[in-house]
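File shown: start-v4.cif. Contents: mmCIF, C-alpha atoms.
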```
data_structure
loop_
_atom_site.label_atom_id
_atom_site.label_comp_id
_atom_site.auth_asym_id
_atom_site.auth_seq_id
_atom_site.Cartn_x
_atom_site.Cartn_y
_atom_site.Cartn_z
CA MET A 1 0.00 0.00 0.00
CA ILE A 2 1.19 3.51 -0.91
CA GLY A 3 1.56 6.25 1.68
CA ILE A 4 1.22 9.86 0.49
CA VAL A 5 3.20 12.35 2.56
CA ASN A 6 0.57 14.87 3.63
CA TYR A 7 2.51 18.03 4.43
CA GLY A 8 0.19 20.65 2.98
CA ALA A 9 2.12 21.37 -0.22
CA GLY A 10 -0.48 21.53 -2.93
CA ASN A 11 -3.10 19.30 -4.27
CA ILE A 12 -3.12 15.59 -3.54
CA PHE A 13 -6.59 14.97 -4.90
CA SER A 14 -5.33 14.49 -8.47
CA LEU A 15 -2.66 12.07 -7.27
CA SER A 16 -5.01 10.01 -5.12
CA SER A 17 -7.51 9.95 -8.00
CA ALA A 18 -4.84 8.63 -10.37
CA LEU A 19 -3.94 5.89 -7.87
CA GLU A 20 -7.62 4.98 -7.59
CA ARG A 21 -7.90 4.68 -11.37
CA GLN A 22 -5.08 2.15 -11.20
CA TYR A 23 -6.80 0.30 -8.30
CA LEU A 24 -3.83 1.11 -6.08
CA ASN A 25 -4.56 1.42 -2.38
CA TYR A 26 -3.17 4.40 -0.53
CA GLY A 27 -3.31 6.27 2.75
CA MET A 28 -1.88 9.44 4.24
CA VAL A 29 1.40 9.88 6.09
CA ASN A 30 1.04 12.55 8.76
CA THR A 31 3.47 11.31 11.39
CA GLU A 32 6.66 9.27 11.61
CA ALA A 33 4.70 6.25 12.85
CA ASP A 34 2.55 6.37 9.69
CA LEU A 35 5.60 5.63 7.56
CA ASP A 36 5.62 2.05 8.89
CA LYS A 37 2.09 1.41 7.62
CA TYR A 38 3.01 1.55 3.95
CA THR A 39 5.30 -0.33 1.57
CA HIS A 40 5.82 2.61 -0.80
CA ILE A 41 5.93 6.35 -0.10
CA ILE A 42 5.08 9.24 -2.44
CA ILE A 43 6.11 12.84 -1.75
CA PRO A 44 3.86 15.10 -3.87
CA GLY A 45 4.34 18.83 -4.24
CA VAL A 46 3.47 21.89 -6.23
CA GLY A 47 4.40 25.52 -5.75
CA HIS A 48 7.51 26.92 -4.09
CA ALA A 49 10.34 24.51 -3.16
CA GLY A 50 11.62 26.62 -0.26
CA ALA A 51 8.12 26.94 1.19
CA ALA A 52 7.45 23.22 0.65
CA MET A 53 10.68 22.32 2.51
CA LYS A 54 9.63 24.47 5.47
CA LYS A 55 6.28 22.68 5.59
CA LEU A 56 7.95 19.28 5.41
CA GLU A 57 10.34 20.24 8.23
CA GLN A 58 7.37 21.24 10.40
CA THR A 59 5.97 17.71 10.12
CA GLY A 60 9.19 16.27 11.57
CA LEU A 61 9.32 13.78 8.69
CA VAL A 62 12.59 14.87 7.04
CA GLU A 63 14.99 12.61 8.95
CA PRO A 64 12.59 9.61 9.08
CA ILE A 65 12.11 9.84 5.29
CA LYS A 66 15.87 10.03 4.70
CA ALA A 67 16.29 6.85 6.76
CA LEU A 68 13.72 4.88 4.74
CA LYS A 69 14.76 1.73 2.89
CA LYS A 70 11.45 1.27 1.07
CA PRO A 71 10.74 2.80 -2.35
CA VAL A 72 10.14 6.58 -2.18
CA LEU A 73 8.91 8.65 -5.13
CA GLY A 74 9.06 12.44 -5.21
CA ILE A 75 6.86 14.17 -7.78
CA CYS A 76 7.69 17.61 -9.24
CA VAL A 77 8.55 19.82 -6.23
CA GLY A 78 8.50 16.58 -4.20
CA MET A 79 11.38 15.41 -6.40
CA GLN A 80 13.23 18.69 -6.03
CA LEU A 81 13.02 18.34 -2.23
CA LEU A 82 15.22 15.24 -2.53
CA THR A 83 18.09 17.36 -3.91
CA ALA A 84 20.57 19.35 -1.83
CA HIS A 85 19.62 22.89 -2.76
CA SER A 86 17.13 24.92 -4.77
CA GLU A 87 17.61 28.35 -6.27
CA GLU A 88 13.92 28.86 -5.47
CA GLY A 89 14.11 30.68 -2.14
CA ASP A 90 17.85 29.77 -1.92
CA ALA A 91 16.72 26.78 0.13
CA GLU A 92 18.68 23.91 1.67
CA LEU A 93 16.73 20.73 0.91
CA MET A 94 16.86 17.08 2.01
CA GLY A 95 20.16 16.35 0.29
CA ILE A 96 19.45 12.72 -0.57
CA PHE A 97 20.82 13.47 -4.04
CA PRO A 98 23.94 15.69 -4.19
CA LEU A 99 22.28 17.73 -6.95
CA LYS A 100 21.10 21.29 -7.40
CA THR A 101 17.67 22.52 -8.43
CA ARG A 102 18.11 25.51 -10.71
CA LEU A 103 15.98 28.14 -12.45
CA PHE A 104 15.60 27.81 -16.22
CA ASP A 105 17.58 30.47 -18.08
CA LYS A 106 15.28 32.68 -20.14
CA ASN A 107 18.31 33.92 -22.08
CA GLN A 108 18.22 30.58 -23.86
CA GLY A 109 15.10 31.76 -25.65
CA ILE A 110 12.71 29.57 -23.70
CA LYS A 111 9.51 30.50 -21.96
CA ILE A 112 9.20 30.01 -18.23
CA PRO A 113 7.44 28.02 -16.82
CA HIS A 114 8.19 24.97 -18.93
CA MET A 115 4.56 24.02 -19.38
CA GLY A 116 3.09 21.21 -21.44
CA TRP A 117 3.96 17.84 -22.95
CA ASN A 118 7.58 17.02 -23.59
CA ASN A 119 9.24 13.76 -24.55
CA ILE A 120 11.74 11.95 -22.41
CA GLU A 121 14.58 9.57 -23.12
CA HIS A 122 14.76 6.93 -20.43
CA LYS A 123 17.46 4.46 -19.47
CA ASN A 124 15.41 1.29 -18.98
CA ASN A 125 15.01 1.78 -15.26
CA ALA A 126 12.31 -0.39 -13.66
CA LEU A 127 10.23 2.77 -13.12
CA PHE A 128 9.90 3.10 -16.91
CA GLU A 129 9.33 -0.56 -17.69
CA GLY A 130 6.91 -0.86 -20.61
CA VAL A 131 7.13 2.86 -21.45
CA THR A 132 8.17 3.53 -25.05
CA ASN A 133 11.18 5.79 -25.36
CA LEU A 134 10.37 9.42 -26.34
CA THR A 135 6.89 9.14 -24.81
CA GLN A 136 5.57 12.55 -23.78
CA PHE A 137 4.76 13.51 -20.20
CA TYR A 138 3.13 16.60 -18.72
CA PHE A 139 5.54 19.08 -17.16
CA VAL A 140 4.87 22.35 -15.40
CA HIS A 141 7.83 23.89 -13.59
CA SER A 142 10.23 26.85 -13.63
CA TYR A 143 13.06 25.11 -11.77
CA PHE A 144 14.84 21.96 -12.92
CA ILE A 145 17.34 19.42 -11.69
CA GLU A 146 20.65 19.67 -13.48
CA TYR A 147 21.52 16.65 -15.59
CA ASN A 148 23.83 14.20 -13.84
CA PRO A 149 24.83 10.92 -15.52
CA ILE A 150 25.01 9.03 -12.21
CA PHE A 151 21.47 9.66 -11.00
CA ASP A 152 19.61 10.45 -14.21
CA ILE A 153 17.19 7.70 -15.30
CA ALA A 154 15.26 9.83 -17.82
CA THR A 155 16.25 13.02 -19.59
CA ALA A 156 14.21 15.78 -21.18
CA ASN A 157 15.32 18.83 -23.06
CA TYR A 158 14.20 22.41 -22.59
CA GLY A 159 16.89 24.86 -23.64
CA THR A 160 19.23 22.49 -21.85
CA PRO A 161 19.07 18.77 -21.03
CA PHE A 162 17.66 18.22 -17.54
CA SER A 163 16.62 15.27 -15.42
CA ALA A 164 13.03 14.18 -16.02
CA ALA A 165 13.62 11.39 -13.51
CA ILE A 166 16.35 10.43 -11.04
CA GLN A 167 17.16 7.46 -8.84
CA LYS A 168 19.52 6.72 -5.97
CA ASP A 169 19.04 3.40 -4.16
CA ASN A 170 15.37 3.32 -3.04
CA PHE A 171 14.77 7.02 -3.79
CA TYR A 172 13.11 8.04 -7.06
CA GLY A 173 11.99 11.38 -8.40
CA VAL A 174 10.03 12.48 -11.46
CA GLN A 175 9.84 16.10 -12.61
CA PHE A 176 6.71 15.53 -14.70
CA HIS A 177 3.26 14.85 -13.27
CA PRO A 178 2.46 11.15 -13.72
CA GLU A 179 -1.06 11.82 -12.41
CA LYS A 180 -1.66 14.20 -15.36
CA SER A 181 0.35 12.47 -18.07
CA GLY A 182 -2.30 10.27 -19.63
CA SER A 183 -1.94 6.51 -19.63
CA ALA A 184 1.89 6.71 -19.71
CA GLY A 185 1.83 8.57 -16.42
CA GLU A 186 -0.52 6.06 -14.85
CA HIS A 187 1.84 3.34 -16.02
CA ILE A 188 4.70 5.00 -14.08
CA LEU A 189 2.60 5.00 -10.89
CA LYS A 190 1.80 1.33 -11.42
CA ASN A 191 5.49 0.53 -11.99
CA PHE A 192 6.40 2.39 -8.81
CA SER A 193 3.89 0.37 -6.82
CA ASN A 194 5.52 -2.80 -8.18
CA LEU A 195 9.07 -1.85 -7.12
CA LYS A 196 10.47 -4.37 -4.67
CA GLN A 197 11.48 -3.23 -1.23
CA MET B 1 10.74 18.85 -27.79
CA LEU B 2 7.88 20.68 -26.13
CA SER B 3 4.65 20.04 -28.03
CA LYS B 4 2.16 22.68 -29.12
CA ARG B 5 -1.04 22.09 -27.16
CA ILE B 6 -4.59 21.69 -28.47
CA ILE B 7 -7.18 22.79 -25.93
CA PRO B 8 -10.95 22.34 -26.24
CA CYS B 9 -12.91 24.82 -24.14
CA LEU B 10 -16.20 23.86 -22.46
CA ASP B 11 -18.75 26.33 -21.13
CA VAL B 12 -20.35 25.07 -17.95
CA LYS B 13 -23.56 26.28 -16.34
CA ASP B 14 -24.88 24.80 -13.08
CA GLY B 15 -22.45 21.92 -13.48
CA ARG B 16 -23.62 21.08 -17.01
CA THR B 17 -21.93 21.80 -20.33
CA VAL B 18 -23.78 24.21 -22.56
CA LYS B 19 -23.52 25.22 -26.25
CA GLY B 20 -25.01 22.38 -28.24
CA VAL B 21 -22.36 19.79 -28.23
CA ASN B 22 -22.78 17.36 -31.04
CA PHE B 23 -20.71 14.25 -30.62
CA VAL B 24 -22.35 11.26 -32.22
CA ASP B 25 -21.26 8.80 -29.58
CA LEU B 26 -22.05 10.91 -26.55
CA LYS B 27 -24.79 9.61 -24.28
CA ASP B 28 -25.23 12.86 -22.38
CA ALA B 29 -23.87 15.94 -24.14
CA GLY B 30 -24.47 18.00 -21.02
CA ASP B 31 -22.24 15.88 -18.80
CA PRO B 32 -18.89 17.69 -18.54
CA VAL B 33 -17.15 14.60 -17.24
CA GLU B 34 -18.18 12.39 -20.13
CA LEU B 35 -17.30 15.09 -22.64
CA ALA B 36 -13.94 15.74 -21.00
CA TRP B 37 -13.17 12.05 -21.04
CA GLN B 38 -14.02 11.86 -24.74
CA TYR B 39 -11.67 14.75 -25.49
CA ALA B 40 -8.88 13.14 -23.49
CA GLN B 41 -9.36 9.92 -25.47
CA GLN B 42 -9.17 11.90 -28.73
CA GLY B 43 -5.82 13.35 -27.73
CA ALA B 44 -6.67 16.79 -26.33
CA ASP B 45 -3.62 18.00 -24.41
CA GLU B 46 -5.51 19.98 -21.84
CA LEU B 47 -9.04 21.26 -21.20
CA VAL B 48 -10.50 24.58 -20.12
CA PHE B 49 -13.82 24.73 -18.30
CA LEU B 50 -15.44 28.13 -18.19
CA ASP B 51 -18.08 28.50 -15.50
CA ILE B 52 -20.83 30.85 -16.68
CA THR B 53 -23.21 30.19 -13.78
CA ALA B 54 -24.47 33.39 -12.26
CA THR B 55 -26.20 32.11 -9.13
CA HIS B 56 -24.87 32.14 -5.58
CA GLU B 57 -24.94 28.36 -5.36
CA ARG B 58 -22.48 28.19 -8.22
CA ARG B 59 -19.36 27.53 -6.20
CA LYS B 60 -20.52 24.32 -4.57
CA THR B 61 -21.78 22.89 -7.86
CA MET B 62 -18.55 23.81 -9.58
CA ILE B 63 -16.36 22.22 -6.91
CA GLU B 64 -18.28 18.97 -7.22
CA MET B 65 -17.85 19.06 -10.99
CA VAL B 66 -14.12 19.76 -10.70
CA LYS B 67 -13.69 16.83 -8.33
CA SER B 68 -15.58 14.59 -10.62
CA VAL B 69 -13.42 15.64 -13.59
CA ALA B 70 -10.19 15.19 -11.60
CA ARG B 71 -11.28 11.71 -10.55
CA GLN B 72 -11.66 10.54 -14.11
CA LEU B 73 -9.43 12.69 -16.30
CA ASN B 74 -5.71 11.94 -16.69
CA ILE B 75 -4.74 15.20 -18.44
CA PRO B 76 -4.45 18.69 -16.97
CA PHE B 77 -7.34 21.13 -16.89
CA THR B 78 -8.03 24.79 -16.10
CA ILE B 79 -11.08 26.31 -14.43
CA GLY B 80 -12.20 29.86 -15.21
CA GLY B 81 -15.15 32.05 -14.35
CA GLY B 82 -16.12 33.85 -11.17
CA ILE B 83 -12.84 33.40 -9.29
CA THR B 84 -12.28 36.53 -7.23
CA THR B 85 -10.52 35.43 -4.04
CA ILE B 86 -7.67 33.25 -2.80
CA GLN B 87 -10.30 31.04 -1.14
CA ASP B 88 -12.07 30.42 -4.47
CA ALA B 89 -8.77 29.41 -6.03
CA GLU B 90 -7.73 27.20 -3.13
CA ALA B 91 -11.00 25.29 -3.20
CA LEU B 92 -10.47 24.59 -6.91
CA LEU B 93 -6.85 23.54 -6.37
CA ASN B 94 -7.88 21.13 -3.63
CA ALA B 95 -10.59 19.73 -5.89
CA GLY B 96 -7.95 18.83 -8.49
CA ALA B 97 -7.78 21.81 -10.89
CA ASP B 98 -4.30 22.28 -12.35
CA LYS B 99 -4.73 25.93 -13.19
CA ILE B 100 -7.26 28.67 -12.69
CA SER B 101 -8.02 31.42 -15.15
CA ILE B 102 -8.92 34.91 -14.01
CA ASN B 103 -10.18 37.70 -16.21
CA SER B 104 -12.27 40.62 -14.93
CA ALA B 105 -11.27 39.98 -11.31
CA ALA B 106 -7.65 40.63 -12.33
CA VAL B 107 -8.56 43.81 -14.23
CA LYS B 108 -10.54 45.12 -11.25
CA ASN B 109 -7.88 44.06 -8.74
CA PRO B 110 -4.48 43.41 -10.34
CA ALA B 111 -2.97 42.56 -6.93
CA LEU B 112 -4.99 39.34 -7.08
CA ILE B 113 -2.48 38.01 -9.64
CA GLU B 114 0.37 38.60 -7.21
CA GLU B 115 -1.52 37.06 -4.31
CA LEU B 116 -2.46 33.94 -6.25
CA ALA B 117 1.07 33.49 -7.60
CA ALA B 118 2.55 33.86 -4.11
CA ALA B 119 0.08 31.40 -2.62
CA PHE B 120 0.04 28.69 -5.29
CA GLY B 121 2.91 29.40 -7.70
CA VAL B 122 2.86 31.14 -11.07
CA GLN B 123 2.13 27.85 -12.87
CA PHE B 124 -1.36 27.91 -11.34
CA VAL B 125 -2.34 31.37 -12.57
CA VAL B 126 -3.66 31.92 -16.09
CA VAL B 127 -4.70 35.47 -16.92
CA ALA B 128 -7.40 35.49 -19.60
CA VAL B 129 -7.53 38.64 -21.70
CA ASP B 130 -10.40 39.51 -24.06
CA THR B 131 -9.29 42.04 -26.61
CA LYS B 132 -10.95 44.08 -29.33
CA LEU B 133 -9.58 46.60 -31.79
CA VAL B 134 -11.01 50.07 -31.10
CA GLU B 135 -9.88 53.04 -33.19
CA GLY B 136 -6.66 51.30 -34.13
CA LYS B 137 -5.80 50.22 -30.59
CA ASN B 138 -6.16 46.84 -28.95
CA ARG B 139 -8.22 47.41 -25.82
CA VAL B 140 -9.03 44.99 -23.01
CA HIS B 141 -12.75 44.19 -22.79
CA LEU B 142 -14.82 42.54 -20.07
CA ASN B 143 -18.14 40.68 -19.99
CA GLY B 144 -17.53 38.80 -23.19
CA GLY B 145 -16.56 41.90 -25.12
CA ARG B 146 -19.49 44.06 -24.07
CA LEU B 147 -17.59 46.31 -21.68
CA ILE B 148 -14.57 48.29 -22.82
CA THR B 149 -11.84 49.19 -20.30
CA GLU B 150 -9.16 51.86 -20.21
CA LEU B 151 -6.45 49.23 -20.59
CA GLU B 152 -4.42 48.77 -23.72
CA THR B 153 -4.05 45.05 -24.33
CA GLU B 154 -0.28 44.87 -24.76
CA ASN B 155 0.33 46.96 -21.63
CA TRP B 156 -2.06 44.90 -19.56
CA ILE B 157 -0.45 41.64 -20.66
CA ARG B 158 3.00 42.99 -19.76
CA GLN B 159 1.67 44.02 -16.36
CA ALA B 160 0.03 40.62 -15.80
CA GLU B 161 3.33 38.87 -16.58
CA SER B 162 5.28 41.09 -14.22
CA MET B 163 2.76 40.47 -11.44
CA GLY B 164 3.05 36.70 -11.65
CA ALA B 165 0.81 35.33 -14.40
CA GLY B 166 2.13 31.94 -15.49
CA GLU B 167 0.29 31.93 -18.79
CA ILE B 168 -1.84 34.25 -20.94
CA LEU B 169 -5.08 33.12 -22.60
CA LEU B 170 -5.65 35.75 -25.28
CA THR B 171 -9.05 35.87 -26.97
CA SER B 172 -9.60 38.19 -29.87
CA MET B 173 -13.23 39.29 -29.70
CA ASP B 174 -13.01 40.53 -33.31
CA HIS B 175 -12.19 37.00 -34.43
CA ASP B 176 -14.19 34.98 -31.87
CA GLY B 177 -17.12 33.21 -33.49
CA THR B 178 -16.15 34.26 -37.02
CA LYS B 179 -14.29 31.05 -37.94
CA GLN B 180 -12.01 33.26 -40.06
CA GLY B 181 -8.78 32.36 -38.28
CA PHE B 182 -6.83 33.48 -35.21
CA ASP B 183 -5.55 37.03 -34.80
CA CYS B 184 -2.00 36.12 -35.85
CA GLY B 185 -0.79 39.72 -35.95
CA LEU B 186 -1.58 40.51 -32.33
CA LEU B 187 -0.60 37.03 -31.13
CA ASN B 188 2.79 37.40 -32.78
CA THR B 189 3.35 40.79 -31.14
CA VAL B 190 2.37 39.43 -27.73
CA THR B 191 4.48 36.26 -27.89
CA GLN B 192 7.56 38.32 -28.81
CA MET B 193 6.93 40.72 -25.98
CA ILE B 194 6.59 38.34 -23.01
CA ASN B 195 8.36 35.24 -21.74
CA ILE B 196 5.47 33.11 -20.46
CA PRO B 197 3.32 30.69 -22.50
CA VAL B 198 0.44 32.09 -24.56
CA ILE B 199 -2.79 30.32 -25.55
CA ALA B 200 -4.40 31.61 -28.76
CA SER B 201 -8.19 31.82 -28.73
CA GLY B 202 -10.90 33.14 -31.03
CA GLY B 203 -11.44 32.49 -34.71
CA ALA B 204 -10.62 28.82 -35.27
CA GLY B 205 -12.63 27.50 -38.22
CA THR B 206 -10.37 25.19 -40.19
CA VAL B 207 -7.28 23.04 -39.74
CA GLN B 208 -5.33 25.63 -41.74
CA HIS B 209 -6.08 28.24 -39.06
CA PHE B 210 -4.29 26.09 -36.49
CA ILE B 211 -1.34 25.58 -38.86
CA ASP B 212 -1.20 29.35 -39.46
CA VAL B 213 -1.24 30.33 -35.80
CA PHE B 214 1.59 27.90 -34.96
CA GLU B 215 3.65 28.80 -38.03
CA LYS B 216 3.18 32.58 -37.92
CA THR B 217 3.28 33.22 -34.18
CA GLY B 218 5.08 31.94 -31.13
CA VAL B 219 1.97 30.72 -29.31
CA ASP B 220 2.24 27.56 -27.24
CA ALA B 221 -1.33 26.38 -27.49
CA ALA B 222 -4.53 26.96 -29.44
CA LEU B 223 -7.96 26.88 -27.87
CA ALA B 224 -11.30 26.39 -29.60
CA ALA B 225 -14.83 25.38 -28.74
CA SER B 226 -17.38 24.88 -31.49
CA VAL B 227 -15.12 23.32 -34.14
CA PHE B 228 -14.37 20.58 -31.63
CA HIS B 229 -17.82 20.29 -30.06
CA PHE B 230 -19.54 19.85 -33.40
CA GLY B 231 -16.93 17.43 -34.63
CA GLU B 232 -16.02 19.77 -37.50
CA ILE B 233 -12.35 19.26 -36.72
CA PRO B 234 -11.55 15.89 -35.15
CA ILE B 235 -8.52 16.29 -32.87
CA PRO B 236 -6.59 13.22 -34.14
CA GLU B 237 -6.87 14.49 -37.72
CA LEU B 238 -5.87 18.01 -36.67
CA LYS B 239 -2.78 16.71 -34.92
CA GLN B 240 -1.75 14.54 -37.87
CA LYS B 241 -1.93 17.56 -40.15
CA LEU B 242 0.04 19.72 -37.73
CA LYS B 243 2.68 17.02 -37.55
CA TYR B 244 2.81 16.88 -41.35
CA HIS B 245 3.65 20.60 -41.20
CA ASN B 246 6.49 19.89 -38.76
CA ILE B 247 4.65 21.41 -35.83
CA PRO B 248 5.51 19.41 -32.70
CA VAL B 249 2.42 17.69 -31.30
CA ARG B 250 1.65 14.84 -28.93
CA LEU B 251 0.20 11.90 -30.82
#
```
Please express the file's structure as structure tokens.
Amino acid sequence: MIGIVNYGAGNIFSLSSALERQYLNYGMVNTEADLDKYTHIIIPGVGHAGAAMKKLEQTGLVEPIKALKKPVLGICVGMQLLTAHSEEGDAELMGIFPLKTRLFDKNQGIKIPHMGWNNIEHKNNALFEGVTNLTQFYFVHSYFIEYNPIFDIATANYGTPFSAAIQKDNFYGVQFHPEKSGSAGEHILKNFSNLKQ
Amino acid sequence: MLSKRIIPCLDVKDGRTVKGVNFVDLKDAGDPVELAWQYAQQGADELVFLDITATHERRKTMIEMVKSVARQLNIPFTIGGGITTIQDAEALLNAGADKISINSAAVKNPALIEELAAAFGVQFVVVAVDTKLVEGKNRVHLNGGRLITELETENWIRQAESMGAGEILLTSMDHDGTKQGFDCGLLNTVTQMINIPVIASGGAGTVQHFIDVFEKTGVDAALAASVFHFGEIPIPELKQKLKYHNIPVRL
């Protein structure tokens, strides 16, 4: 069963609805003890990374999440929280990945936010099993995680190549919104729920 | 590569879609959820629901509809109409809306753009602008084009961007309903002037109009209502033709 970290950062109704469409059971994680109830944990998030980190810190869940050995998936800002630092609010984040979250550079002739459907190139990670390469996913973000060959499991391009998905041990992150990315996105959620502990 | 988006727009009154929708295989043309689902199946990239309900009970009905759409739809959608406060927006966000669109509320109280962006992020805030050419100048209009304002369209769009709009939905009232094509001149000016995504609206009548707006302007998306509702332009066929013209689309 999937636990959704409920720390007040944005809308979890779309995520829980997507899980329901896939017949995946879920519950909410409000306290450290709740983490034990679930086999898989999702950290959702929209809005401001610095503000989201503050909210997560207030729940007291930062250290318990970092200590987890079960599969954890961060979505959008939830993914960015797994990195060490964000330029959004110059915020120190969880630091599970030694990566930086940076603002897109408008001098590259791109519009910000990066909003809409973009294709990804993935590296046959279990999270993308059964997903055709160059499938499009729905993105909406102004900050991105710099490309790093060690942790990158899917890459997208917007002015510059950036990480559409990352993995380190049991920690996963996706920059796109699987709950809004059509059947391909629902497939990612299903794959996540099938990851072994 | 980022795809150009195709966005059907649905008018909703008291939780039901209006404007005679004419899909052959639709059981209930007034059911926004069924219609939305059909569009998602056809390959729409996003949907806009415009609430035109005038009654006080509107909010509750709308929230229920939004929840119902979010439960069943796996693509993003925007809700517009009657949003005047942070509380209105928050209720829609919590019900599963990806974006909200504000129009006259922003003109009457521009600070609302800033407040919404600060509370929910710029990606949540679409500023819809209805424009009409008056004595050689593009002027912002309200109430579906019936009420002229002091604002010049280009200036207002620049101001909306600087205050935290994440996207502009620009409807040309001179073109809307004519089926004579989008206002490519103005759309081109606007897309060169700002650095946030722009949705073109008003005037779609043929596939060629969509090709034109993507080839001649820097818009990111094109929105239409009747050509989709009446099945005049099937979305899969539209996207195939756009692709044939080397316009990036999601197939």
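When all atoms listed in the file are used to measure the gap to chain B, the shortest distance among A:Gln58, A:Thr101, A:Asn170, A:Ser17 belongs to A:Ser17.
Distances to Gln240 of chain B were evaluated for B:Val33, B:Asn103, B:Phe228, B:Gly43 using only C-alpha atoms, and the minimum falls at B:Gly43.
Of note, atom CA of Gln72 of chain B and atom CA of Cys9 of chain B are spaced 17.5 Å apart.
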I'd like to know which of B:Met173, B:Ala165, B:Ile148, B:Leu116 is closest to Gln87 of chain B, using all atoms listed in the file. B:Leu116
Residues of chain A within 6 Å of chain B, counting only C-alpha atoms - could you list those as a PyMOL selection string? chain A and resi 11+13-14+17+47+111-112+117-118+180-182
If you measure from atom CA of Asp90 of chain A to atom CA of Tyr143 of chain A, what distance in Å do you get, rounded to one decimal? 11.9 Å
Which one is closest to Val227 of chain B: B:Val207, B:Leu47, B:Val134, B:Val125? Count all atoms listed in the file.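 Using all atoms listed in the file, Val227 of chain B sits closest to B:Val207.
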Spatial neighbours of Val48 of chain B, 8 Å, only C-alpha atoms, chain gap at least 3 places, as a ChimeraX atom specification: /B:7-10,77-80
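If you measure from each of B:Asp31, B:Glu135, B:Glu232, B:Glu115 to Thr17 of chain B using all atoms listed in the file, the closest one turns out to be B:Asp31.
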Identify all residues satisfying the PyMOL selection byres ((chain B and resi 59) around 12) in the given file; provide them as a PDB file with C-alpha atoms, keeping the file's coordinate frame.
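Output file result-v2.pdb follows:
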```
ATOM      1  CA  LYS B  13     -23.560  26.280 -16.340  1.00  0.00           C
ATOM      2  CA  ASP B  14     -24.880  24.800 -13.080  1.00  0.00           C
ATOM      3  CA  GLY B  15     -22.450  21.920 -13.480  1.00  0.00           C
ATOM      4  CA  ASP B  51     -18.080  28.500 -15.500  1.00  0.00           C
ATOM      5  CA  ILE B  52     -20.830  30.850 -16.680  1.00  0.00           C
ATOM      6  CA  THR B  53     -23.210  30.190 -13.780  1.00  0.00           C
ATOM      7  CA  ALA B  54     -24.470  33.390 -12.260  1.00  0.00           C
ATOM      8  CA  THR B  55     -26.200  32.110  -9.130  1.00  0.00           C
ATOM      9  CA  HIS B  56     -24.870  32.140  -5.580  1.00  0.00           C
ATOM     10  CA  GLU B  57     -24.940  28.360  -5.360  1.00  0.00           C
ATOM     11  CA  ARG B  58     -22.480  28.190  -8.220  1.00  0.00           C
ATOM     12  CA  LYS B  60     -20.520  24.320  -4.570  1.00  0.00           C
ATOM     13  CA  THR B  61     -21.780  22.890  -7.860  1.00  0.00           C
ATOM     14  CA  MET B  62     -18.550  23.810  -9.580  1.00  0.00           C
ATOM     15  CA  ILE B  63     -16.360  22.220  -6.910  1.00  0.00           C
ATOM     16  CA  GLU B  64     -18.280  18.970  -7.220  1.00  0.00           C
ATOM     17  CA  MET B  65     -17.850  19.060 -10.990  1.00  0.00           C
ATOM     18  CA  VAL B  66     -14.120  19.760 -10.700  1.00  0.00           C
ATOM     19  CA  ILE B  79     -11.080  26.310 -14.430  1.00  0.00           C
ATOM     20  CA  GLY B  80     -12.200  29.860 -15.210  1.00  0.00           C
ATOM     21  CA  GLY B  81     -15.150  32.050 -14.350  1.00  0.00           C
ATOM     22  CA  GLY B  82     -16.120  33.850 -11.170  1.00  0.00           C
ATOM     23  CA  ILE B  83     -12.840  33.400  -9.290  1.00  0.00           C
ATOM     24  CA  THR B  84     -12.280  36.530  -7.230  1.00  0.00           C
ATOM     25  CA  GLN B  87     -10.300  31.040  -1.140  1.00  0.00           C
ATOM     26  CA  ASP B  88     -12.070  30.420  -4.470  1.00  0.00           C
ATOM     27  CA  ALA B  89      -8.770  29.410  -6.030  1.00  0.00           C
ATOM     28  CA  ALA B  91     -11.000  25.290  -3.200  1.00  0.00           C
ATOM     29  CA  LEU B  92     -10.470  24.590  -6.910  1.00  0.00           C
ATOM     30  CA  ALA B  95     -10.590  19.730  -5.890  1.00  0.00           C
TER      31      ALA B  95
END
```
Please build the interface table for segment 104-194 of chain A against segment 74-86 of chain A with a cut-off of 9 Å, listing for each qualifying residue the nearest atom pair and the distance in Å to one decimal; count all atoms listed in the file, order rows by chain and increasing number, and write it as JSON lines.
```
{"residue": "A:Phe139", "atom": "CA", "partner": "A:Cys76", "partner_atom": "CA", "distance": 8.3}
{"residue": "A:Val140", "atom": "CA", "partner": "A:Cys76", "partner_atom": "CA", "distance": 8.3}
{"residue": "A:His141", "atom": "CA", "partner": "A:Cys76", "partner_atom": "CA", "distance": 7.6}
{"residue": "A:Tyr143", "atom": "CA", "partner": "A:Ser86", "partner_atom": "CA", "distance": 8.1}
{"residue": "A:Phe144", "atom": "CA", "partner": "A:Gln80", "partner_atom": "CA", "distance": 7.8}
{"residue": "A:Ile145", "atom": "CA", "partner": "A:Gln80", "partner_atom": "CA", "distance": 7.0}
{"residue": "A:Ala165", "atom": "CA", "partner": "A:Met79", "partner_atom": "CA", "distance": 8.5}
{"residue": "A:Ile166", "atom": "CA", "partner": "A:Met79", "partner_atom": "CA", "distance": 8.4}
{"residue": "A:Phe171", "atom": "CA", "partner": "A:Gly74", "partner_atom": "CA", "distance": 8.0}
{"residue": "A:Tyr172", "atom": "CA", "partner": "A:Gly74", "partner_atom": "CA", "distance": 6.3}
{"residue": "A:Gly173", "atom": "CA", "partner": "A:Gly74", "partner_atom": "CA", "distance": 4.5}
{"residue": "A:Val174", "atom": "CA", "partner": "A:Ile75", "partner_atom": "CA", "distance": 5.1}
{"residue": "A:Gln175", "atom": "CA", "partner": "A:Cys76", "partner_atom": "CA", "distance": 4.3}
{"residue": "A:Phe176", "atom": "CA", "partner": "A:Cys76", "partner_atom": "CA", "distance": 5.9}
{"residue": "A:His177", "atom": "CA", "partner": "A:Cys76", "partner_atom": "CA", "distance": 6.6}
{"residue": "A:Pro178", "atom": "CA", "partner": "A:Ile75", "partner_atom": "CA", "distance": 8.0}
```
